[in-house]
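Quick look at coords.txt (compact mmCIF, C-alpha atoms):
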```txt
# COMPACT_ATOMS: atom_id res chain seq x y z
CA MET A 14 145.78 116.80 67.58
CA TYR A 15 145.19 116.81 71.37
CA ILE A 16 142.04 118.95 70.97
CA LYS A 17 140.65 116.57 68.31
CA LYS A 18 141.25 113.53 70.55
CA LEU A 19 139.59 115.28 73.49
CA ILE A 20 136.53 116.18 71.42
CA SER A 21 136.27 112.60 70.11
CA PHE A 22 136.53 111.19 73.65
CA MET A 23 133.81 113.52 74.93
CA PHE A 24 131.54 112.55 72.04
CA VAL A 25 131.92 108.86 72.89
CA VAL A 26 131.15 109.52 76.59
CA ILE A 27 128.00 111.47 75.72
CA LEU A 28 126.90 108.78 73.27
CA LEU A 29 127.35 105.98 75.84
CA ALA A 30 125.50 108.00 78.49
CA GLY A 31 122.60 108.48 76.10
CA LEU A 32 122.45 104.76 75.33
CA ALA A 33 122.48 103.89 79.03
CA ALA A 34 119.66 106.31 79.72
CA GLY A 35 117.66 104.84 76.89
CA CYS A 36 118.01 101.32 78.31
CA ALA A 37 117.06 102.25 81.91
CA PRO A 38 113.39 101.74 82.92
CA THR A 39 111.44 104.94 83.52
CA GLU A 40 108.73 105.69 86.05
CA GLU A 41 106.21 105.57 83.24
CA GLU A 42 107.16 101.94 82.53
CA PRO A 43 105.92 100.01 85.65
CA THR A 44 107.18 96.51 86.28
CA GLU A 45 104.49 93.98 85.42
CA LEU A 46 103.35 92.29 88.64
CA THR A 47 102.37 88.63 88.80
CA GLU A 48 100.87 88.97 92.31
CA VAL A 49 100.55 91.24 95.33
CA VAL A 50 100.60 90.07 98.94
CA ILE A 51 98.06 90.97 101.61
CA GLY A 52 99.22 89.66 104.97
CA VAL A 53 97.18 88.50 107.95
CA TYR A 54 98.43 87.98 111.51
CA GLU A 55 95.87 86.34 113.75
CA PRO A 56 96.02 83.95 116.73
CA MET A 57 95.58 80.43 115.37
CA THR A 58 96.95 78.90 118.58
CA GLY A 59 97.08 79.97 122.21
CA ALA A 60 94.48 81.43 124.55
CA GLN A 61 92.82 83.62 121.89
CA ALA A 62 92.76 81.04 119.09
CA ALA A 63 88.96 80.79 118.89
CA GLY A 64 88.72 84.49 118.04
CA GLY A 65 91.47 84.20 115.44
CA VAL A 66 89.87 81.17 113.80
CA GLN A 67 86.52 82.94 113.59
CA THR A 68 88.18 86.01 112.10
CA MET A 69 89.92 83.90 109.45
CA GLN A 70 86.59 82.40 108.40
CA GLY A 71 85.51 85.85 107.28
CA VAL A 72 88.88 86.77 105.77
CA ASN A 73 89.00 83.57 103.73
CA LEU A 74 85.46 84.06 102.42
CA ALA A 75 86.29 87.62 101.38
CA TYR A 76 89.47 86.39 99.68
CA GLU A 77 87.50 83.80 97.70
CA GLN A 78 85.20 86.57 96.48
CA ARG A 79 87.92 89.15 95.82
CA GLY A 80 91.14 87.35 94.97
CA GLU A 81 92.31 89.98 92.52
CA VAL A 82 92.76 93.74 92.62
CA LEU A 83 93.63 96.19 89.83
CA GLY A 84 93.92 93.18 87.54
CA VAL A 85 96.61 91.50 89.66
CA PRO A 86 96.12 88.25 91.65
CA ILE A 87 96.30 88.59 95.44
CA ARG A 88 98.30 86.11 97.51
CA LEU A 89 96.91 85.94 101.03
CA VAL A 90 99.56 85.05 103.63
CA LEU A 91 98.56 84.12 107.20
CA VAL A 92 101.10 84.08 110.04
CA ASP A 93 100.00 82.76 113.45
CA ASN A 94 100.79 85.29 116.20
CA ARG A 95 100.11 82.58 118.82
CA SER A 96 98.08 84.93 121.06
CA ASP A 97 101.35 86.53 122.15
CA LYS A 98 102.68 90.10 122.01
CA ALA A 99 106.26 89.19 121.06
CA GLU A 100 105.05 86.68 118.46
CA SER A 101 102.76 89.36 117.02
CA ALA A 102 105.72 91.66 116.40
CA THR A 103 107.63 88.76 114.84
CA ALA A 104 104.67 87.85 112.64
CA MET A 105 104.34 91.41 111.38
CA THR A 106 108.08 91.56 110.67
CA ARG A 107 107.88 88.37 108.62
CA LEU A 108 104.90 89.60 106.61
CA ILE A 109 106.66 92.85 105.76
CA GLU A 110 110.28 91.78 105.29
CA GLN A 111 109.96 88.24 103.93
CA GLU A 112 106.53 88.12 102.32
CA LYS A 113 106.65 91.74 101.06
CA ALA A 114 103.05 92.46 102.06
CA ILE A 115 101.74 95.79 100.80
CA ALA A 116 99.02 95.80 103.48
CA VAL A 117 98.09 93.69 106.51
CA VAL A 118 94.87 92.58 108.22
CA GLY A 119 94.67 91.90 112.00
CA SER A 120 94.70 91.21 114.84
CA TYR A 121 92.26 89.77 117.34
CA GLY A 122 93.50 90.96 120.73
CA SER A 123 94.42 94.60 121.33
CA SER A 124 97.78 93.74 122.91
CA ASN A 125 98.70 91.73 119.81
CA SER A 126 97.73 94.64 117.58
CA MET A 127 99.73 97.15 119.63
CA ALA A 128 102.83 95.00 119.32
CA GLY A 129 102.40 94.46 115.59
CA GLY A 130 101.55 98.11 115.08
CA GLU A 131 104.95 99.28 116.29
CA VAL A 132 106.55 97.24 113.50
CA SER A 133 104.16 98.26 110.73
CA GLU A 134 104.43 101.94 111.68
CA LYS A 135 108.22 101.96 111.32
CA ALA A 136 108.00 100.11 108.01
CA GLY A 137 105.23 102.33 106.64
CA ILE A 138 102.88 99.43 105.86
CA PRO A 139 99.12 100.04 106.32
CA VAL A 140 97.12 97.73 108.58
CA MET A 141 93.36 97.26 108.91
CA GLY A 142 92.47 95.83 112.30
CA CYS A 143 89.45 93.56 112.58
CA SER A 144 88.50 93.65 116.26
CA PRO A 145 91.23 95.29 118.42
CA THR A 146 89.17 97.80 120.38
CA ASN A 147 91.64 99.44 122.79
CA PRO A 148 92.16 103.12 121.81
CA LEU A 149 95.95 102.74 122.02
CA VAL A 150 95.95 100.48 118.94
CA THR A 151 95.59 103.48 116.62
CA GLU A 152 96.62 106.33 118.92
CA GLY A 153 99.58 108.17 117.43
CA LYS A 154 99.71 105.79 114.45
CA GLU A 155 99.56 106.91 110.84
CA PHE A 156 99.36 103.44 109.30
CA TYR A 157 97.01 101.52 111.65
CA PHE A 158 93.24 101.56 111.15
CA ARG A 159 90.38 99.35 112.31
CA ALA A 160 86.97 98.13 111.17
CA CYS A 161 85.54 98.07 114.71
CA PHE A 162 84.35 100.58 117.28
CA ILE A 163 86.57 101.31 120.29
CA ASP A 164 86.39 100.56 124.01
CA PRO A 165 85.26 103.95 125.38
CA PHE A 166 82.05 103.44 123.39
CA GLN A 167 81.80 99.74 124.27
CA GLY A 168 82.38 100.38 127.99
CA ARG A 169 79.70 103.07 127.98
CA VAL A 170 77.26 100.77 126.16
CA MET A 171 77.48 98.19 128.94
CA ALA A 172 77.34 100.73 131.78
CA LYS A 173 74.26 102.28 130.21
CA TYR A 174 72.66 98.85 129.80
CA ALA A 175 73.24 98.06 133.47
CA VAL A 176 71.86 101.37 134.73
CA GLU A 177 68.81 101.26 132.45
CA ASN A 178 68.03 97.72 133.60
CA GLY A 179 67.95 98.64 137.26
CA ILE A 180 71.37 97.40 138.37
CA LYS A 181 72.36 99.31 141.52
CA LYS A 182 75.46 97.37 142.60
CA VAL A 183 78.10 96.00 140.24
CA ALA A 184 81.48 94.30 140.66
CA ILE A 185 84.30 94.67 138.12
CA ILE A 186 86.69 91.75 137.57
CA GLN A 187 89.48 92.47 135.08
CA ASN A 188 92.49 90.69 133.57
CA ILE A 189 95.42 92.97 134.38
CA SER A 190 97.63 91.12 131.85
CA GLN A 191 95.54 92.36 128.91
CA ASP A 192 95.36 95.99 127.78
CA TYR A 193 91.94 95.19 126.33
CA SER A 194 90.49 94.19 129.70
CA VAL A 195 92.16 96.96 131.73
CA GLY A 196 90.95 99.63 129.32
CA LEU A 197 87.38 98.38 129.25
CA ALA A 198 87.19 98.18 133.04
CA ALA A 199 88.30 101.82 133.25
CA PHE A 200 85.86 103.02 130.58
CA PHE A 201 82.96 101.13 132.17
CA LYS A 202 83.72 102.68 135.57
CA GLU A 203 84.03 106.16 134.08
CA ALA A 204 80.66 105.82 132.31
CA TRP A 205 79.01 104.33 135.40
CA ILE A 206 80.08 107.33 137.51
CA GLU A 207 78.88 109.74 134.83
CA LEU A 208 75.49 108.01 134.50
CA THR A 209 74.82 107.49 138.22
CA GLY A 210 76.67 110.45 139.66
CA SER A 211 78.69 108.30 142.04
CA ALA A 212 81.15 105.40 142.25
CA ASP A 213 79.27 103.99 145.25
CA GLY A 214 77.45 101.42 143.12
CA ILE A 215 80.74 99.76 142.20
CA VAL A 216 80.97 97.46 145.21
CA ALA A 217 84.20 95.68 144.24
CA GLU A 218 87.09 95.91 141.77
CA THR A 219 89.24 92.79 141.59
CA ALA A 220 91.83 91.46 139.16
CA TYR A 221 93.48 88.31 137.84
CA GLN A 222 96.24 87.48 135.34
CA ASP A 223 96.67 85.36 132.23
CA GLY A 224 96.69 81.69 133.13
CA ASP A 225 94.66 82.02 136.32
CA GLN A 226 91.89 79.43 136.58
CA ASP A 227 90.79 79.83 140.18
CA PHE A 228 88.64 82.92 140.72
CA THR A 229 87.34 82.14 144.19
CA ALA A 230 89.35 84.96 145.81
CA GLN A 231 88.05 87.54 143.35
CA LEU A 232 84.49 86.26 143.64
CA GLY A 233 84.69 86.22 147.42
CA ALA A 234 85.24 89.97 147.38
CA ILE A 235 82.20 90.95 145.30
CA LYS A 236 79.97 91.45 148.35
CA ASP A 237 76.30 91.91 147.41
CA ALA A 238 76.75 92.74 143.72
CA GLU A 239 73.73 92.36 141.46
CA ALA A 240 75.94 92.09 138.38
CA ILE A 241 79.53 91.24 137.48
CA PHE A 242 81.22 93.12 134.65
CA ALA A 243 84.13 90.96 133.46
CA PRO A 244 85.67 92.34 130.26
CA GLY A 245 88.12 89.49 129.68
CA TYR A 246 88.33 86.81 127.03
CA TYR A 247 85.80 84.02 126.58
CA GLY A 248 87.75 81.25 128.34
CA ASP A 249 88.29 83.25 131.51
CA ALA A 250 84.68 84.42 131.50
CA ALA A 251 83.28 80.88 131.17
CA LEU A 252 85.35 79.60 134.12
CA LEU A 253 84.43 82.63 136.19
CA MET A 254 80.71 82.09 135.51
CA ASN A 255 80.81 78.46 136.63
CA GLN A 256 82.69 79.28 139.81
CA ALA A 257 80.44 82.25 140.60
CA ARG A 258 77.31 80.12 140.33
CA GLU A 259 78.91 77.41 142.49
CA MET A 260 79.58 80.08 145.13
CA GLY A 261 75.94 81.18 145.09
CA PHE A 262 76.03 84.27 142.86
CA SER A 263 72.64 84.61 141.14
CA GLY A 264 73.05 87.98 139.45
CA LEU A 265 73.78 89.11 135.89
CA PHE A 266 77.04 88.48 134.02
CA MET A 267 78.06 91.34 131.69
CA GLY A 268 80.91 91.36 129.22
CA THR A 269 82.19 92.65 125.93
CA ASP A 270 82.97 91.51 122.38
CA ALA A 271 85.73 89.05 123.35
CA TRP A 272 83.02 86.85 124.90
CA GLU A 273 81.64 85.93 121.49
CA ALA A 274 83.14 82.49 120.97
CA PRO A 275 81.50 79.03 121.14
CA GLU A 276 83.72 78.17 124.12
CA LEU A 277 81.85 80.68 126.30
CA ILE A 278 78.77 78.47 125.99
CA SER A 279 80.44 75.05 125.79
CA ILE A 280 82.53 75.71 128.92
CA GLY A 281 80.12 78.01 130.74
CA GLY A 282 77.09 75.77 130.15
CA GLU A 283 74.05 76.59 132.26
CA ALA A 284 76.03 79.22 134.15
CA ALA A 285 76.32 81.29 130.98
CA GLU A 286 72.56 81.45 130.39
CA GLY A 287 71.30 85.03 130.54
CA ALA A 288 74.73 86.63 130.20
CA VAL A 289 74.83 89.79 128.07
CA PHE A 290 77.66 91.45 126.20
CA SER A 291 78.37 94.12 123.62
CA SER A 292 79.43 93.07 120.14
CA HIS A 293 79.90 94.36 116.62
CA TYR A 294 77.36 92.43 114.60
CA SER A 295 74.44 90.06 114.59
CA ALA A 296 73.07 88.14 111.62
CA GLU A 297 69.64 88.79 113.15
CA ALA A 298 70.07 92.54 112.74
CA ALA A 299 71.22 93.13 109.18
CA THR A 300 72.03 96.81 108.73
CA THR A 301 73.33 97.18 105.15
CA PRO A 302 72.66 95.70 101.69
CA ALA A 303 75.85 93.66 102.07
CA SER A 304 74.64 91.82 105.17
CA LYS A 305 72.27 89.21 103.72
CA PRO A 306 74.51 88.15 100.79
CA PHE A 307 77.34 87.73 103.30
CA VAL A 308 75.22 85.58 105.63
CA ASP A 309 74.04 83.42 102.72
CA ALA A 310 77.58 82.91 101.41
CA PHE A 311 78.96 82.23 104.87
CA GLU A 312 76.31 79.65 105.73
CA ALA A 313 76.82 77.94 102.37
CA LYS A 314 80.57 77.70 103.00
CA TYR A 315 80.66 76.88 106.73
CA GLY A 316 77.21 75.50 107.52
CA GLU A 317 76.62 77.94 110.36
CA ALA A 318 75.73 81.57 111.00
CA PRO A 319 78.66 84.02 111.04
CA SER A 320 80.02 85.41 114.30
CA ALA A 321 80.91 89.07 114.78
CA MET A 322 84.61 88.19 114.46
CA ALA A 323 84.00 86.51 111.10
CA ALA A 324 82.01 89.51 109.90
CA LEU A 325 84.78 91.89 110.99
CA GLY A 326 87.42 89.74 109.28
CA TYR A 327 85.40 89.91 106.08
CA ASP A 328 84.97 93.68 106.33
CA ALA A 329 88.64 94.31 107.16
CA TYR A 330 89.85 92.40 104.09
CA MET A 331 87.31 94.14 101.85
CA LEU A 332 88.33 97.54 103.25
CA VAL A 333 91.95 96.82 102.25
CA VAL A 334 90.95 95.83 98.72
CA ASP A 335 88.68 98.89 98.47
CA ALA A 336 91.55 101.17 99.54
CA ILE A 337 93.90 99.67 96.93
CA GLU A 338 91.29 100.23 94.24
CA ARG A 339 90.60 103.81 95.26
CA ALA A 340 94.34 104.52 95.48
CA ASN A 341 94.74 102.88 92.04
CA SER A 342 98.16 101.90 93.32
CA PHE A 343 100.11 99.19 95.12
CA ASP A 344 102.20 101.79 96.93
CA PRO A 345 101.71 101.37 100.72
CA LYS A 346 101.64 105.13 101.33
CA ALA A 347 98.92 105.62 98.71
CA ILE A 348 96.93 102.71 100.18
CA ARG A 349 97.31 104.24 103.63
CA ASP A 350 95.94 107.57 102.39
CA ALA A 351 92.96 105.82 100.80
CA MET A 352 92.23 103.92 104.03
CA ALA A 353 92.26 107.18 105.98
CA SER A 354 89.69 108.71 103.62
CA THR A 355 87.23 105.78 103.82
CA LYS A 356 83.68 107.12 104.07
CA ASP A 357 80.35 105.26 104.16
CA PHE A 358 81.89 101.96 103.06
CA THR A 359 79.10 99.37 102.81
CA GLY A 360 80.33 96.68 105.17
CA VAL A 361 78.44 93.71 106.53
CA THR A 362 78.86 95.05 110.09
CA GLY A 363 77.53 98.49 109.13
CA PHE A 364 78.34 101.56 107.08
CA ILE A 365 81.97 102.29 107.92
CA THR A 366 83.61 105.70 108.03
CA ILE A 367 87.19 106.00 109.30
CA ASN A 368 87.61 109.03 111.56
CA GLU A 369 90.65 111.22 112.19
CA THR A 370 92.12 108.72 114.68
CA GLY A 371 91.82 105.75 112.31
CA ASP A 372 88.78 104.24 114.03
CA ALA A 373 85.47 103.09 112.58
CA VAL A 374 82.39 105.04 113.60
CA LYS A 375 79.54 102.53 113.78
CA ASP A 376 76.81 100.94 115.89
CA ALA A 377 77.19 98.29 118.60
CA VAL A 378 74.79 95.45 119.33
CA ILE A 379 74.05 93.74 122.63
CA LEU A 380 73.78 89.96 122.57
CA GLU A 381 72.38 87.56 125.17
CA VAL A 382 73.15 83.91 125.82
CA ARG A 383 69.77 82.26 125.48
CA ASP A 384 68.97 78.56 125.07
CA GLY A 385 72.63 77.80 124.45
CA ALA A 386 73.10 80.36 121.66
CA PHE A 387 73.98 84.03 121.14
CA LYS A 388 70.78 86.00 120.52
CA TYR A 389 70.33 89.62 119.44
CA LEU A 390 68.88 92.01 122.04
CA THR A 391 69.29 95.56 120.77
CA THR A 392 71.39 98.01 118.75
CA VAL A 393 73.18 100.98 120.32
CA LYS A 394 74.34 103.92 118.21
CA PRO A 395 77.48 106.01 118.90
```

With the file now loaded, output its structure as structure tokens.
Amino acid sequence: MYIKKLISFMFVVILLAGLAAGCAPTEEEPTELTEVVIGVYEPMTGAQAAGGVQTMQGVNLAYEQRGEVLGVPIRLVLVDNRSDKAESATAMTRLIEQEKAIAVVGSYGSSNSMAGGEVSEKAGIPVMGCSPTNPLVTEGKEFYFRACFIDPFQGRVMAKYAVENGIKKVAIIQNISQDYSVGLAAFFKEAWIELTGSADGIVAETAYQDGDQDFTAQLGAIKDAEAIFAPGYYGDAALLMNQAREMGFSGLFMGTDAWEAPELISIGGEAAEGAVFSSHYSAEAATTPASKPFVDAFEAKYGEAPSAMAALGYDAYMLVVDAIERANSFDPKAIRDAMASTKDFTGVTGFITINETGDAVKDAVILEVRDGAFKYLTTVKP
């Protein structure tokens, strides 16, 4: 009798286990998604807001054109990082933990991207940077990529431009609060020494910090410089230009991609005329089949020509969507692997290939402030 009861009990246990297994979802039965989230963290307020706003113009246009991927609607979520490192980390945390983003776009400002990148790396969420050019943004990171070239190239571009245009004496004025500015100053100096064979032509190296608005001390130390290389952000550069002209400086102002904002011209005014800087894109120098349709769509939507930041925002979003499609998956690790294997993507800023360090290999352009507008000068290849 005991044996019969034991056998009956075991039969019931096996039967119930089989029923439970039959009711459980299997890996071959994916949950039907109603949406997926792509996050964006850009500075909408603070000192770098102009760059963030321009970037979002491009991101929003791309989202209008590609609001669905793998048959699932995309929900685009923007969190303002307020031009601040700590806020950037907080913004990334919110996008990942609260909004459940499967991928993120951003951010303008290398320091912002470094702070956000620490969070995304730990969480295993892939990020496509738009314009953070400091090498440390992607260095040692498996999940952070970018649609832009990096500062060693950009610093060399401007040093080469100066040397080839007969500049013999240059002063460097950097913002020591920003990794972006410090890195570019170092790369420019390194390239200058390589190209000229000596550091003698660098007649002054001075520094300022975030929030400084009086540059008379720095400008008083530039001696007889023929050019000033000031790789800071547009607001600082515009104030510096005005004060330099007031103090009698008549030479060339040289900068980098963070100068490309309307405020450089509106604040700098006449002092900004003739200034040159490296950038990522010019509507006057279309390089791929995607360039003209983008310009046409952008002008129809915003009533103005796109900036380099807008073009990079557009490309970064499209690179994320492209990676999801090639991965054929919403799994962040699979998306990350697809981003890493990006090759000859037809972007509006150029044909984009992601190298082994997560950086885009592409051309740079040099722009000039002429007649109150940014005008294309030339293209420089890596």

Polymer residues at most 7 Å from Ile87 in chain A, all atoms listed in the file, same-chain spacing of 3 or more positions, as JSON, numbers by chain
{"A": [48, 49, 50, 51, 80, 81, 82]}

Two-atom distance - CA of Phe166 in chain A, CA of Phe201 in chain A (Å)
9.1 Å

Which protein, DNA or RNA residues are at most 9 Å from (104.2, 90.8, 101.8) in the file's coordinates when you count all atoms listed in the file, listed as a list in words?
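Every residue inside that radius is included here: Val49, Val50, Ile51, Gly52, Arg88, Leu89, Val90, Arg107, Leu108, Ile109, Glu110, Gln111, Glu112, Lys113, Ala114, Ile115, Ala116 and Val117 of chain A.
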
Closest atom pairs, residues of range 262-301 of chain A within 9 Å of range 324-329 of chain A, all atoms listed in the file, as a Markdown table:
```
| residue | atom | partner | partner_atom | distance |
| --- | --- | --- | --- | --- |
| A:His293 | CA | A:Leu325 | CA | 7.8 |
| A:Tyr294 | CA | A:Ala324 | CA | 7.2 |
| A:Ser295 | CA | A:Ala324 | CA | 8.9 |
```

Would you give me, as CSV, each residue of range 43-83 of chain A having an atom within 10 Å of an atom of range 94-106 of chain A, along with its shortest atom pair and that distance in Å to one decimal, using all atoms listed in the file and sorting by chain and residue number?
```
residue,atom,partner,partner_atom,distance
A:Gly52,CA,A:Met105,CA,8.4
A:Val53,CA,A:Met105,CA,8.5
A:Tyr54,CA,A:Asn94,CA,5.9
A:Glu55,CA,A:Asn94,CA,5.6
A:Pro56,CA,A:Arg95,CA,4.8
A:Met57,CA,A:Arg95,CA,6.1
A:Thr58,CA,A:Arg95,CA,4.9
A:Gly59,CA,A:Ser96,CA,5.2
A:Ala60,CA,A:Ser96,CA,6.1
A:Gln61,CA,A:Ser96,CA,5.5
A:Ala62,CA,A:Ser96,CA,6.9
A:Gly64,CA,A:Ser96,CA,9.8
A:Gly65,CA,A:Ser96,CA,8.7
```

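Take CA of Ser120 in chain A and CA of Glu218 in chain A: the distance between them is 28.4 Å.
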
Contact residues around Tyr247 in chain A with all atoms listed in the file at 9 Å, ignoring same-chain residues under 3 positions, as number ranges by chain
A: 61, 63, 250-252, 271-278

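Minimum atom-to-atom distances from A:Met352, A:Ala321, A:Ile337, A:Leu91 to Asp372 in chain A were compared using all atoms listed in the file, and the lowest value belongs to A:Met352.
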
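In this structure, CA of Glu286 in chain A sits 22.2 Å away from CA of Asn188 in chain A.
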
With 4 Å of padding per side, what axis-aligned box (centre and edge lengths, Å, one decimal) covers all the listed atoms of range 73-82 of chain A? Give it as AutoDock Vina command-line options.
```
--center_x 89.0 --center_y 88.7 --center_z 98.1 --size_x 15.6 --size_y 18.2 --size_z 19.2
```

Where atoms are lacking, range 126-152 of chain A completed to N, CA and C atoms, as an mmCIF file, in the frame of the given file:
```cif
data_model
loop_
_atom_site.group_PDB
_atom_site.id
_atom_site.type_symbol
_atom_site.label_atom_id
_atom_site.label_comp_id
_atom_site.auth_asym_id
_atom_site.auth_seq_id
_atom_site.Cartn_x
_atom_site.Cartn_y
_atom_site.Cartn_z
ATOM 1 N N SER A 126 97.737 93.583 118.588
ATOM 2 C CA SER A 126 97.730 94.640 117.580
ATOM 3 C C SER A 126 98.682 95.774 117.940
ATOM 4 N N MET A 127 98.786 96.105 119.218
ATOM 5 C CA MET A 127 99.730 97.150 119.630
ATOM 6 C C MET A 127 101.164 96.741 119.321
ATOM 7 N N ALA A 128 101.475 95.481 119.579
ATOM 8 C CA ALA A 128 102.830 95.000 119.320
ATOM 9 C C ALA A 128 103.128 94.983 117.828
ATOM 10 N N GLY A 129 102.204 94.486 117.039
ATOM 11 C CA GLY A 129 102.400 94.460 115.590
ATOM 12 C C GLY A 129 102.417 95.853 114.998
ATOM 13 N N GLY A 130 101.634 96.753 115.598
ATOM 14 C CA GLY A 130 101.550 98.110 115.080
ATOM 15 C C GLY A 130 102.846 98.894 115.164
ATOM 16 N N GLU A 131 103.655 98.606 116.189
ATOM 17 C CA GLU A 131 104.950 99.280 116.290
ATOM 18 C C GLU A 131 105.832 98.939 115.095
ATOM 19 N N VAL A 132 105.742 97.699 114.640
ATOM 20 C CA VAL A 132 106.550 97.240 113.500
ATOM 21 C C VAL A 132 106.041 97.839 112.205
ATOM 22 N N SER A 133 104.731 97.770 111.990
ATOM 23 C CA SER A 133 104.160 98.260 110.730
ATOM 24 C C SER A 133 104.334 99.771 110.602
ATOM 25 N N GLU A 134 104.275 100.479 111.715
ATOM 26 C CA GLU A 134 104.430 101.940 111.680
ATOM 27 C C GLU A 134 105.830 102.323 111.204
ATOM 28 N N LYS A 135 106.837 101.656 111.734
ATOM 29 C CA LYS A 135 108.220 101.960 111.320
ATOM 30 C C LYS A 135 108.460 101.610 109.860
ATOM 31 N N ALA A 136 107.803 100.547 109.389
ATOM 32 C CA ALA A 136 108.000 100.110 108.010
ATOM 33 C C ALA A 136 107.128 100.871 107.020
ATOM 34 N N GLY A 137 106.122 101.591 107.516
ATOM 35 C CA GLY A 137 105.230 102.330 106.640
ATOM 36 C C GLY A 137 104.286 101.433 105.860
ATOM 37 N N ILE A 138 103.809 100.364 106.497
ATOM 38 C CA ILE A 138 102.880 99.430 105.860
ATOM 39 C C ILE A 138 101.509 99.580 106.510
ATOM 40 N N PRO A 139 100.447 99.829 105.731
ATOM 41 C CA PRO A 139 99.120 100.040 106.320
ATOM 42 C C PRO A 139 98.506 98.748 106.839
ATOM 43 N N VAL A 140 97.780 98.869 107.955
ATOM 44 C CA VAL A 140 97.120 97.730 108.580
ATOM 45 C C VAL A 140 95.656 98.072 108.830
ATOM 46 N N MET A 141 94.773 97.111 108.562
ATOM 47 C CA MET A 141 93.360 97.260 108.910
ATOM 48 C C MET A 141 93.035 96.242 109.986
ATOM 49 N N GLY A 142 92.819 96.718 111.199
ATOM 50 C CA GLY A 142 92.470 95.830 112.300
ATOM 51 C C GLY A 142 91.038 95.350 112.169
ATOM 52 N N CYS A 143 90.796 94.119 112.610
ATOM 53 C CA CYS A 143 89.450 93.560 112.580
ATOM 54 C C CYS A 143 88.694 93.930 113.854
ATOM 55 N N SER A 144 89.241 93.491 115.003
ATOM 56 C CA SER A 144 88.500 93.650 116.260
ATOM 57 C C SER A 144 89.317 94.168 117.439
ATOM 58 N N PRO A 145 90.490 94.763 117.259
ATOM 59 C CA PRO A 145 91.230 95.290 118.420
ATOM 60 C C PRO A 145 90.621 96.621 118.855
ATOM 61 N N THR A 146 89.996 96.652 120.013
ATOM 62 C CA THR A 146 89.170 97.800 120.380
ATOM 63 C C THR A 146 89.827 98.808 121.328
ATOM 64 N N ASN A 147 90.996 98.490 121.885
ATOM 65 C CA ASN A 147 91.640 99.440 122.790
ATOM 66 C C ASN A 147 92.076 100.692 122.014
ATOM 67 N N PRO A 148 91.798 101.895 122.527
ATOM 68 C CA PRO A 148 92.160 103.120 121.810
ATOM 69 C C PRO A 148 93.638 103.231 121.449
ATOM 70 N N LEU A 149 94.517 102.621 122.254
ATOM 71 C CA LEU A 149 95.950 102.740 122.020
ATOM 72 C C LEU A 149 96.416 102.036 120.741
ATOM 73 N N VAL A 150 95.575 101.178 120.172
ATOM 74 C CA VAL A 150 95.950 100.480 118.940
ATOM 75 C C VAL A 150 96.242 101.474 117.820
ATOM 76 N N THR A 151 95.415 102.495 117.697
ATOM 77 C CA THR A 151 95.590 103.480 116.620
ATOM 78 C C THR A 151 96.153 104.806 117.095
ATOM 79 N N GLU A 152 96.181 105.026 118.396
ATOM 80 C CA GLU A 152 96.620 106.330 118.920
ATOM 81 C C GLU A 152 98.062 106.623 118.501
#
```
